[in-house]
$ cat input01.cif   # mmCIF, C-alpha atoms
data_query
#
loop_
_atom_site.label_atom_id
_atom_site.label_comp_id
_atom_site.auth_asym_id
_atom_site.auth_seq_id
_atom_site.Cartn_x
_atom_site.Cartn_y
_atom_site.Cartn_z
CA MET A 1 0.00 0.00 0.00
CA LYS A 2 1.11 3.57 -0.69
CA LEU A 3 1.44 5.46 2.60
CA GLY A 4 1.91 9.09 3.57
CA PHE A 5 0.55 11.96 5.65
CA HIS A 6 -0.53 15.60 5.55
CA VAL A 7 2.30 17.98 4.58
CA SER A 8 2.72 21.73 5.03
CA ILE A 9 2.78 24.12 2.04
CA ALA A 10 4.62 26.84 4.00
CA GLY A 11 6.89 28.90 1.76
CA GLY A 12 5.16 27.84 -1.45
CA ILE A 13 2.89 25.00 -2.47
CA GLU A 14 5.64 23.39 -4.55
CA ARG A 15 7.77 22.93 -1.40
CA SER A 16 5.33 20.37 -0.06
CA VAL A 17 6.54 17.79 -2.58
CA GLY A 18 10.14 17.82 -1.34
CA ARG A 19 8.96 17.72 2.26
CA ALA A 20 6.82 14.67 1.54
CA LYS A 21 9.67 12.87 -0.18
CA ALA A 22 12.17 13.70 2.56
CA ALA A 23 9.77 12.37 5.20
CA GLY A 24 9.39 9.02 3.44
CA CYS A 25 5.90 9.51 1.98
CA GLN A 26 4.80 7.75 -1.17
CA VAL A 27 1.59 9.77 -1.23
CA PHE A 28 0.67 12.94 0.65
CA GLN A 29 -2.13 15.37 1.40
CA ILE A 30 -2.14 19.18 1.45
CA PHE A 31 -4.35 22.19 1.92
CA THR A 32 -3.86 24.29 -1.20
CA SER A 33 -4.36 27.47 0.87
CA ASN A 34 -4.84 28.67 4.46
CA PRO A 35 -7.42 26.21 5.86
CA ARG A 36 -8.73 28.78 8.35
CA SER A 37 -9.60 31.47 5.83
CA TRP A 38 -12.35 31.97 3.26
CA LYS A 39 -9.86 33.63 0.92
CA SER A 40 -6.75 32.38 -0.84
CA ALA A 41 -3.96 33.81 -2.94
CA GLU A 42 -3.89 32.67 -6.55
CA ILE A 43 -1.49 29.87 -7.47
CA SER A 44 0.92 31.34 -9.97
CA PRO A 45 1.61 29.43 -13.20
CA ARG A 46 5.22 29.19 -12.06
CA SER A 47 4.32 27.55 -8.71
CA ALA A 48 1.88 25.18 -10.39
CA GLU A 49 4.48 24.10 -12.94
CA ALA A 50 7.09 23.66 -10.17
CA PHE A 51 4.65 21.50 -8.18
CA ARG A 52 3.96 19.25 -11.16
CA ASP A 53 7.66 19.04 -12.04
CA GLU A 54 8.63 18.15 -8.47
CA MET A 55 6.04 15.35 -8.41
CA ALA A 56 7.68 13.84 -11.49
CA VAL A 57 11.26 14.41 -10.31
CA PHE A 58 10.70 12.86 -6.89
CA GLY A 59 8.55 10.04 -8.26
CA LEU A 60 5.74 10.47 -5.76
CA GLU A 61 2.65 8.41 -6.51
CA LEU A 62 -0.09 10.87 -5.61
CA ALA A 63 -0.98 14.19 -3.99
CA VAL A 64 -4.50 14.81 -2.67
CA ALA A 65 -6.02 18.06 -1.44
CA HIS A 66 -8.34 18.68 1.49
CA MET A 67 -11.01 21.39 1.67
CA PRO A 68 -10.44 24.21 4.20
CA TYR A 69 -12.18 24.09 7.59
CA LEU A 70 -14.67 26.96 7.25
CA PRO A 71 -16.97 25.86 4.38
CA ASN A 72 -20.19 24.06 5.34
CA LEU A 73 -21.92 22.52 2.34
CA ALA A 74 -24.94 21.52 4.47
CA SER A 75 -25.50 24.98 5.99
CA PRO A 76 -29.06 26.36 5.91
CA ARG A 77 -27.64 29.90 6.04
CA PRO A 78 -27.69 31.31 2.48
CA ASP A 79 -24.54 33.40 2.84
CA VAL A 80 -22.49 30.53 4.33
CA HIS A 81 -23.80 28.07 1.77
CA ARG A 82 -22.95 30.45 -1.08
CA GLN A 83 -19.43 31.04 0.25
CA SER A 84 -18.95 27.31 0.78
CA LEU A 85 -19.88 26.59 -2.83
CA GLU A 86 -17.51 29.31 -4.01
CA VAL A 87 -14.65 27.73 -2.06
CA LEU A 88 -15.50 24.27 -3.39
CA VAL A 89 -15.41 25.54 -6.97
CA ARG A 90 -12.18 27.40 -6.27
CA GLU A 91 -10.51 24.34 -4.72
CA LEU A 92 -11.51 22.16 -7.66
CA SER A 93 -9.91 24.71 -9.98
CA ARG A 94 -6.73 24.79 -7.91
CA CYS A 95 -6.54 20.99 -7.96
CA GLN A 96 -6.95 21.07 -11.72
CA ILE A 97 -4.07 23.53 -12.07
CA LEU A 98 -1.83 21.39 -9.85
CA GLY A 99 -2.77 18.08 -11.43
CA ILE A 100 -4.32 16.78 -8.19
CA PRO A 101 -6.96 14.10 -8.88
CA TYR A 102 -8.80 14.07 -5.52
CA LEU A 103 -10.30 16.79 -3.32
CA VAL A 104 -11.45 15.54 0.11
CA THR A 105 -14.37 17.30 1.78
CA HIS A 106 -16.57 16.92 4.83
CA MET A 107 -20.28 17.16 4.09
CA GLY A 108 -20.89 19.69 6.85
CA SER A 109 -23.57 20.32 9.48
CA HIS A 110 -27.25 21.09 8.99
CA LEU A 111 -27.10 23.20 12.20
CA GLY A 112 -30.44 21.86 13.42
CA ALA A 113 -32.36 22.30 10.16
CA GLY A 114 -32.66 18.53 9.85
CA ARG A 115 -31.13 15.74 7.79
CA LYS A 116 -33.41 16.25 4.80
CA ALA A 117 -32.56 19.95 4.56
CA GLY A 118 -28.86 19.21 5.00
CA LEU A 119 -28.86 16.62 2.22
CA ALA A 120 -30.61 19.04 -0.13
CA GLN A 121 -27.97 21.72 0.49
CA ILE A 122 -25.09 19.29 -0.01
CA ILE A 123 -26.54 17.88 -3.22
CA GLN A 124 -27.18 21.35 -4.62
CA ALA A 125 -23.60 22.46 -3.90
CA LEU A 126 -21.98 19.32 -5.29
CA SER A 127 -24.16 19.30 -8.40
CA SER A 128 -23.35 22.96 -9.12
CA ALA A 129 -19.61 22.48 -8.62
CA LEU A 130 -19.36 19.28 -10.63
CA ASP A 131 -21.40 20.71 -13.46
CA LEU A 132 -18.32 22.76 -14.34
CA PRO A 133 -15.57 21.27 -16.55
CA GLY A 134 -12.76 19.35 -14.84
CA GLN A 135 -11.39 15.95 -13.94
CA THR A 136 -10.74 16.27 -10.20
CA MET A 137 -12.94 13.94 -8.16
CA ILE A 138 -14.57 15.05 -4.91
CA LEU A 139 -14.17 12.50 -2.11
CA LEU A 140 -16.87 12.63 0.57
CA GLU A 141 -15.18 11.91 3.88
CA THR A 142 -16.92 9.72 6.44
CA THR A 143 -17.46 11.79 9.59
CA ALA A 144 -17.64 11.10 13.32
CA GLY A 145 -21.39 11.40 13.84
CA THR A 146 -21.21 14.64 15.80
CA ARG A 147 -24.60 16.23 16.52
CA ASN A 148 -26.18 17.75 13.37
CA SER A 149 -23.25 16.62 11.19
CA MET A 150 -23.76 14.90 7.85
CA GLY A 151 -21.75 11.89 6.67
CA GLY A 152 -21.69 10.03 9.99
CA THR A 153 -23.67 7.18 8.42
CA PHE A 154 -23.02 5.28 5.22
CA ARG A 155 -26.66 6.02 4.36
CA ASP A 156 -25.94 9.78 4.22
CA ILE A 157 -23.13 9.28 1.73
CA ALA A 158 -25.08 6.76 -0.34
CA GLU A 159 -28.02 9.14 -0.68
CA VAL A 160 -25.83 12.06 -1.74
CA MET A 161 -24.03 9.94 -4.33
CA ASP A 162 -27.25 8.46 -5.69
CA ARG A 163 -29.05 11.78 -5.97
CA THR A 164 -26.08 13.68 -7.39
CA GLY A 165 -25.60 11.09 -10.11
CA THR A 166 -22.05 11.79 -11.21
CA ASP A 167 -18.92 9.67 -11.59
CA ARG A 168 -16.83 12.49 -10.10
CA LEU A 169 -17.87 11.60 -6.54
CA GLY A 170 -16.01 9.06 -4.43
CA VAL A 171 -15.42 8.28 -0.75
CA CYS A 172 -12.60 8.88 1.72
CA LEU A 173 -12.91 6.32 4.51
CA ASP A 174 -11.61 7.73 7.82
CA THR A 175 -11.04 5.02 10.45
CA CYS A 176 -11.23 7.36 13.46
CA HIS A 177 -14.46 8.86 12.19
CA ILE A 178 -16.33 5.66 11.43
CA PHE A 179 -15.33 4.25 14.84
CA ALA A 180 -16.55 7.40 16.62
CA ALA A 181 -19.75 7.18 14.55
CA GLY A 182 -20.42 3.68 15.88
CA TYR A 183 -19.00 1.32 13.26
CA GLU A 184 -16.89 -1.53 14.62
CA VAL A 185 -13.23 -1.29 13.61
CA ARG A 186 -11.38 -2.91 16.52
CA THR A 187 -11.11 -6.48 15.22
CA ARG A 188 -10.68 -8.19 11.88
CA GLU A 189 -14.14 -9.69 12.16
CA GLY A 190 -15.70 -6.38 13.15
CA PHE A 191 -14.06 -4.36 10.40
CA PHE A 192 -14.82 -6.94 7.73
CA GLU A 193 -18.48 -6.85 8.84
CA THR A 194 -18.43 -3.04 8.67
CA MET A 195 -17.07 -3.27 5.15
CA LYS A 196 -19.88 -5.66 4.21
CA GLN A 197 -22.33 -2.98 5.35
CA PHE A 198 -20.44 -0.30 3.42
CA ASP A 199 -20.44 -2.48 0.32
CA SER A 200 -24.17 -3.06 0.64
CA GLU A 201 -25.07 0.61 1.12
CA ILE A 202 -22.50 2.40 -1.05
CA GLY A 203 -20.20 -0.09 -2.77
CA SER A 204 -16.55 -0.53 -1.76
CA GLY A 205 -15.46 0.36 -5.30
CA HIS A 206 -16.33 3.98 -4.53
CA ILE A 207 -13.60 4.24 -1.86
CA ARG A 208 -10.62 6.04 -3.38
CA LEU A 209 -8.65 7.04 -0.26
CA ILE A 210 -8.11 5.87 3.33
CA HIS A 211 -7.49 8.24 6.25
CA LEU A 212 -5.79 5.89 8.73
CA ASN A 213 -6.15 7.27 12.25
CA ASP A 214 -6.67 5.80 15.68
CA CYS A 215 -9.35 7.35 17.90
CA LEU A 216 -8.91 8.93 21.32
CA SER A 217 -12.63 8.55 22.08
CA THR A 218 -14.83 5.47 22.40
CA LEU A 219 -16.98 3.53 19.95
CA GLY A 220 -20.05 5.57 19.00
CA SER A 221 -18.97 8.63 21.01
CA GLY A 222 -19.50 11.05 18.13
CA ARG A 223 -16.25 12.77 19.10
CA ASP A 224 -13.68 13.46 16.39
CA ARG A 225 -10.42 13.05 18.28
CA HIS A 226 -7.52 11.51 16.38
CA GLN A 227 -4.84 9.47 18.14
CA HIS A 228 -1.48 7.87 17.32
CA LEU A 229 -1.78 4.54 15.52
CA GLY A 230 -2.33 1.68 17.95
CA LEU A 231 -2.67 3.90 21.03
CA GLY A 232 -6.39 4.67 20.86
CA GLY A 233 -9.74 2.93 20.97
CA ILE A 234 -9.23 1.10 17.68
CA GLY A 235 -5.82 -0.41 18.42
CA GLU A 236 -3.33 -2.24 16.23
CA ASP A 237 -5.54 -5.24 15.48
CA GLY A 238 -8.22 -3.08 13.94
CA LEU A 239 -5.85 -0.88 11.97
CA ARG A 240 -4.03 -3.97 10.70
CA ALA A 241 -7.38 -5.32 9.49
CA VAL A 242 -7.98 -2.10 7.55
CA LEU A 243 -4.61 -2.35 5.85
CA HIS A 244 -5.24 -5.98 4.91
CA HIS A 245 -8.83 -5.79 3.69
CA PRO A 246 -8.98 -7.12 0.09
CA ALA A 247 -11.11 -4.21 -1.17
CA LEU A 248 -8.62 -1.63 0.14
CA GLN A 249 -5.29 -3.18 -0.89
CA ASP A 250 -4.52 -0.87 -3.79
CA LEU A 251 -5.72 2.39 -2.23
CA PRO A 252 -3.55 5.31 -1.06
CA VAL A 253 -3.41 5.78 2.72
CA ILE A 254 -3.01 9.15 4.44
CA LEU A 255 -2.31 9.51 8.17
CA GLU A 256 -3.77 12.48 10.06
CA THR A 257 -2.35 11.61 13.46
CA PRO A 258 -1.17 14.05 16.17
CA VAL A 259 2.33 15.44 16.37
CA ASP A 260 3.38 15.67 20.03
CA GLU A 261 5.87 14.35 22.54
CA GLY A 262 4.47 10.85 22.09
CA ARG A 263 5.16 10.48 18.38
CA ASP A 264 5.58 12.47 15.19
CA ASP A 265 4.37 11.87 11.63
CA ARG A 266 7.35 9.69 10.72
CA GLY A 267 6.84 7.60 13.83
CA ASN A 268 3.23 6.92 12.88
CA LEU A 269 4.29 6.20 9.30
CA ASP A 270 6.72 3.57 10.62
CA VAL A 271 3.88 1.96 12.61
CA ALA A 272 1.63 1.93 9.54
CA ARG A 273 4.35 0.26 7.48
CA ARG A 274 4.89 -2.37 10.16
CA LEU A 275 1.16 -3.10 10.42
CA SER A 276 0.85 -3.40 6.65
CA SER A 277 3.72 -5.91 6.56
CA GLU A 278 2.36 -8.12 9.36
CA SER A 279 -0.12 -10.91 8.77
CA CYS A 280 -3.71 -10.27 9.77
#
$ encode --input "input01.cif" --output "structure tokens"
Amino acid sequence: MKLGFHVSIAGGIERSVGRAKAAGCQVFQIFTSNPRSWKSAEISPRSAEAFRDEMAVFGLELAVAHMPYLPNLASPRPDVHRQSLEVLVRELSRCQILGIPYLVTHMGSHLGAGRKAGLAQIIQALSSALDLPGQTMILLETTAGTRNSMGGTFRDIAEVMDRTGTDRLGVCLDTCHIFAAGYEVRTREGFFETMKQFDSEIGSGHIRLIHLNDCLSTLGSGRDRHQHLGLGGIGEDGLRAVLHHPALQDLPVILETPVDEGRDDRGNLDVARRLSSESC
């Protein structure tokens, strides 16, 4: 499996490629702009060309982008929903310029307006964005089941994909999130059963990316708290099962684990490589 983690773009987006290579990544994830701002500076043709050239020079398999934090595609507030759509369209354009094939997004929160209203807002935003020319695929990320959030159930994602009706939608399966949302991930048997449910409701062929994270909270807690691999509620047995599931074998894997005194990104990457090499 191709493994990597989220990399900084500080000093220029093209610098992320060298950082990823130096850290031992085969694949990596970036924000294309400040994730805590609605605005972003344009990517110059020079930076875009340098990014694409560095990908080829360093022989990295794949770069994926993640949407900023502020947009909420499910928002019932017209101004927020409009701004969120604008950012989504902008990020798709930036991915196109950089040659990035996948843009990961959360589906957002309906803020109490209800699931039906939230789904309608998400579908409208995705349909509008994907109606524009481009090849970049949007990956709907499974979420932790926090109150009012969308994407905490496979049913949410299935309904959005069915009603949007485009082949430019896929899924990013986040292990921390599905565990917090109540799906069993801690054992081989449990995860394989979860994947049977996913296959029945969505289809495992729609998964294009794995976010491999342990979870600091408990099963079904609804709390999105990432933890170092093997040190959280999921544990090594569950994460090993993810890495060895037949439907996921050829997918890129991105770690979004903490960086603290316990372990850094490279340390978690080493654990992921060990787990992927061990029998399940």
$ residues_near_point --input "input01.cif" --point "(-20.9, 25.1, 3.8)" --cutoff "8 Å" --atoms "only C-alpha atoms" --output "list in words"
Leu70, Pro71, Asn72, Leu73, Ala74, Ser75, Val80, His81, Arg82, Gln83, Ser84, Leu85, Met107, Gly108 and Ser109 of chain A
$ residues_around --input "input01.cif" --residues "range 154-165 of chain A" --least-positions-apart "5" --cutoff "9 Å" --atoms "all atoms listed in the file" --output "ChimeraX atom specification"
/A:107,115,119-120,122-124,126-127,140-142,170-171,197-198,201-203
$ atom_distance --input "input01.cif" --atom1 "CA of Val7 in chain A" --atom2 "CA of Cys280 in chain A"
29.3 Å
$ closest_residue --input "input01.cif" --among "A:Leu139, A:Ala272, A:Ala65, A:Leu216" --to "Gln29 in chain A" --atoms "all atoms listed in the file"
A:Ala65
$ atom_distance --input "input01.cif" --atom1 "CA of Pro133 in chain A" --atom2 "CA of His66 in chain A"
19.6 Å
$ residues_near_point --input "input01.cif" --point "(-4.8, 7.9, -1.8)" --cutoff "10 Å" --atoms "all atoms listed in the file" --output "JSON, numbers by chain"
{"A": [1, 2, 3, 4, 26, 27, 28, 29, 61, 62, 63, 64, 101, 102, 172, 207, 208, 209, 210, 211, 250, 251, 252, 253, 254]}
$ closest_residue --input "input01.cif" --among "A:Pro78, A:Cys95, A:Met150, A:His244" --to "His110 in chain A" --atoms "all atoms listed in the file"
A:Met150
$ closest_residue --input "input01.cif" --among "A:Phe31, A:Tyr183, A:Phe51, A:Phe5" --to "Tyr69 in chain A" --atoms "only C-alpha atoms"
A:Phe31
$ atom_distance --input "input01.cif" --atom1 "CA of Gly233 in chain A" --atom2 "CA of Pro246 in chain A"
23.2 Å
$ closest_residue --input "input01.cif" --among "A:Ala56, A:Val271, A:Leu130, A:Ala117" --to "Arg90 in chain A" --atoms "all atoms listed in the file"
A:Leu130
$ closest_residue --input "input01.cif" --among "A:Gly134, A:Gly114, A:Gly220, A:Pro45" --to "Ser149 in chain A" --atoms "only C-alpha atoms"
A:Gly114
$ resolve_selection --input "input01.cif" --expression "the PyMOL selection byres ((chain A and resi 19) around 12)" --output "PDB file with C-alpha atoms, keeping the file's coordinate frame"
ATOM      1  CA  GLY A   4       1.910   9.090   3.570  1.00  0.00           C
ATOM      2  CA  PHE A   5       0.550  11.960   5.650  1.00  0.00           C
ATOM      3  CA  HIS A   6      -0.530  15.600   5.550  1.00  0.00           C
ATOM      4  CA  VAL A   7       2.300  17.980   4.580  1.00  0.00           C
ATOM      5  CA  SER A   8       2.720  21.730   5.030  1.00  0.00           C
ATOM      6  CA  ILE A   9       2.780  24.120   2.040  1.00  0.00           C
ATOM      7  CA  ALA A  10       4.620  26.840   4.000  1.00  0.00           C
ATOM      8  CA  GLY A  11       6.890  28.900   1.760  1.00  0.00           C
ATOM      9  CA  GLY A  12       5.160  27.840  -1.450  1.00  0.00           C
ATOM     10  CA  ILE A  13       2.890  25.000  -2.470  1.00  0.00           C
ATOM     11  CA  GLU A  14       5.640  23.390  -4.550  1.00  0.00           C
ATOM     12  CA  ARG A  15       7.770  22.930  -1.400  1.00  0.00           C
ATOM     13  CA  SER A  16       5.330  20.370  -0.060  1.00  0.00           C
ATOM     14  CA  VAL A  17       6.540  17.790  -2.580  1.00  0.00           C
ATOM     15  CA  GLY A  18      10.140  17.820  -1.340  1.00  0.00           C
ATOM     16  CA  ALA A  20       6.820  14.670   1.540  1.00  0.00           C
ATOM     17  CA  LYS A  21       9.670  12.870  -0.180  1.00  0.00           C
ATOM     18  CA  ALA A  22      12.170  13.700   2.560  1.00  0.00           C
ATOM     19  CA  ALA A  23       9.770  12.370   5.200  1.00  0.00           C
ATOM     20  CA  GLY A  24       9.390   9.020   3.440  1.00  0.00           C
ATOM     21  CA  CYS A  25       5.900   9.510   1.980  1.00  0.00           C
ATOM     22  CA  GLN A  26       4.800   7.750  -1.170  1.00  0.00           C
ATOM     23  CA  VAL A  27       1.590   9.770  -1.230  1.00  0.00           C
ATOM     24  CA  PHE A  28       0.670  12.940   0.650  1.00  0.00           C
ATOM     25  CA  GLN A  29      -2.130  15.370   1.400  1.00  0.00           C
ATOM     26  CA  ILE A  30      -2.140  19.180   1.450  1.00  0.00           C
ATOM     27  CA  PHE A  51       4.650  21.500  -8.180  1.00  0.00           C
ATOM     28  CA  GLU A  54       8.630  18.150  -8.470  1.00  0.00           C
ATOM     29  CA  MET A  55       6.040  15.350  -8.410  1.00  0.00           C
ATOM     30  CA  PHE A  58      10.700  12.860  -6.890  1.00  0.00           C
ATOM     31  CA  LEU A  60       5.740  10.470  -5.760  1.00  0.00           C
ATOM     32  CA  ASP A 265       4.370  11.870  11.630  1.00  0.00           C
ATOM     33  CA  ARG A 266       7.350   9.690  10.720  1.00  0.00           C
TER      34      ARG A 266
END
$ residues_around --input "input01.cif" --residues "Arg263 in chain A" --least-positions-apart "6" --cutoff "10 Å" --atoms "only C-alpha atoms" --output "list in words"
His228, Leu229 and Thr257 of chain A
$ resolve_selection --input "input01.cif" --expression "the PyMOL selection byres ((chain A and resi 195) around 12)" --output "PyMOL selection string"
chain A and resi 154+173+175+178+183-185+188-194+196-205+207+241-242+245-248
$ residues_around --input "input01.cif" --residues "Gly235 in chain A" --least-positions-apart "2" --cutoff "10 Å" --atoms "only C-alpha atoms" --output "compact mmCIF listing (two decimals) with C-alpha atoms, keeping the file's coordinate frame"
# COMPACT_ATOMS: atom_id res chain seq x y z
CA VAL A 185 -13.23 -1.29 13.61
CA ARG A 186 -11.38 -2.91 16.52
CA THR A 187 -11.11 -6.48 15.22
CA ASN A 213 -6.15 7.27 12.25
CA ASP A 214 -6.67 5.80 15.68
CA CYS A 215 -9.35 7.35 17.90
CA GLN A 227 -4.84 9.47 18.14
CA HIS A 228 -1.48 7.87 17.32
CA LEU A 229 -1.78 4.54 15.52
CA GLY A 230 -2.33 1.68 17.95
CA LEU A 231 -2.67 3.90 21.03
CA GLY A 232 -6.39 4.67 20.86
CA GLY A 233 -9.74 2.93 20.97
CA ASP A 237 -5.54 -5.24 15.48
CA GLY A 238 -8.22 -3.08 13.94
CA LEU A 239 -5.85 -0.88 11.97
CA ARG A 240 -4.03 -3.97 10.70
$ resolve_selection --input "input01.cif" --expression "the PyMOL selection byres ((chain A and resi 94) around 10)" --output "VMD selection string"
chain A and resid 32 to 33 42 to 43 48 65 88 to 93 95 to 100 103 136
$ build_atoms --input "input01.cif" --residues "range 181-193 of chain A" --atoms "N, CA and C atoms" --output "short mmCIF file (atom, residue, chain, number, x, y, z; two decimals), in the coordinates of the input"
data_model
loop_
_atom_site.label_atom_id
_atom_site.label_comp_id
_atom_site.auth_asym_id
_atom_site.auth_seq_id
_atom_site.Cartn_x
_atom_site.Cartn_y
_atom_site.Cartn_z
N ALA A 181 -18.36 7.18 15.00
CA ALA A 181 -19.75 7.18 14.55
C ALA A 181 -20.50 5.90 14.91
N GLY A 182 -19.76 4.90 15.41
CA GLY A 182 -20.42 3.68 15.88
C GLY A 182 -20.18 2.43 15.06
N TYR A 183 -19.31 2.51 14.07
CA TYR A 183 -19.00 1.32 13.26
C TYR A 183 -17.81 0.58 13.87
N GLU A 184 -17.92 -0.72 13.99
CA GLU A 184 -16.89 -1.53 14.62
C GLU A 184 -15.64 -1.62 13.75
N VAL A 185 -14.50 -1.30 14.35
CA VAL A 185 -13.23 -1.29 13.61
C VAL A 185 -12.14 -2.01 14.40
N ARG A 186 -12.43 -2.46 15.61
CA ARG A 186 -11.38 -2.91 16.52
C ARG A 186 -10.83 -4.30 16.25
N THR A 187 -11.55 -5.11 15.50
CA THR A 187 -11.11 -6.48 15.22
C THR A 187 -11.23 -6.75 13.72
N ARG A 188 -10.56 -7.80 13.28
CA ARG A 188 -10.68 -8.19 11.88
C ARG A 188 -12.13 -8.52 11.55
N GLU A 189 -12.76 -9.29 12.41
CA GLU A 189 -14.14 -9.69 12.16
C GLU A 189 -15.06 -8.47 12.13
N GLY A 190 -14.86 -7.57 13.08
CA GLY A 190 -15.70 -6.38 13.15
C GLY A 190 -15.53 -5.48 11.94
N PHE A 191 -14.28 -5.24 11.54
CA PHE A 191 -14.06 -4.36 10.40
C PHE A 191 -14.56 -4.99 9.11
N PHE A 192 -14.33 -6.28 8.94
CA PHE A 192 -14.82 -6.94 7.73
C PHE A 192 -16.35 -6.88 7.66
N GLU A 193 -17.02 -6.98 8.81
CA GLU A 193 -18.48 -6.85 8.84
C GLU A 193 -18.90 -5.42 8.50
#
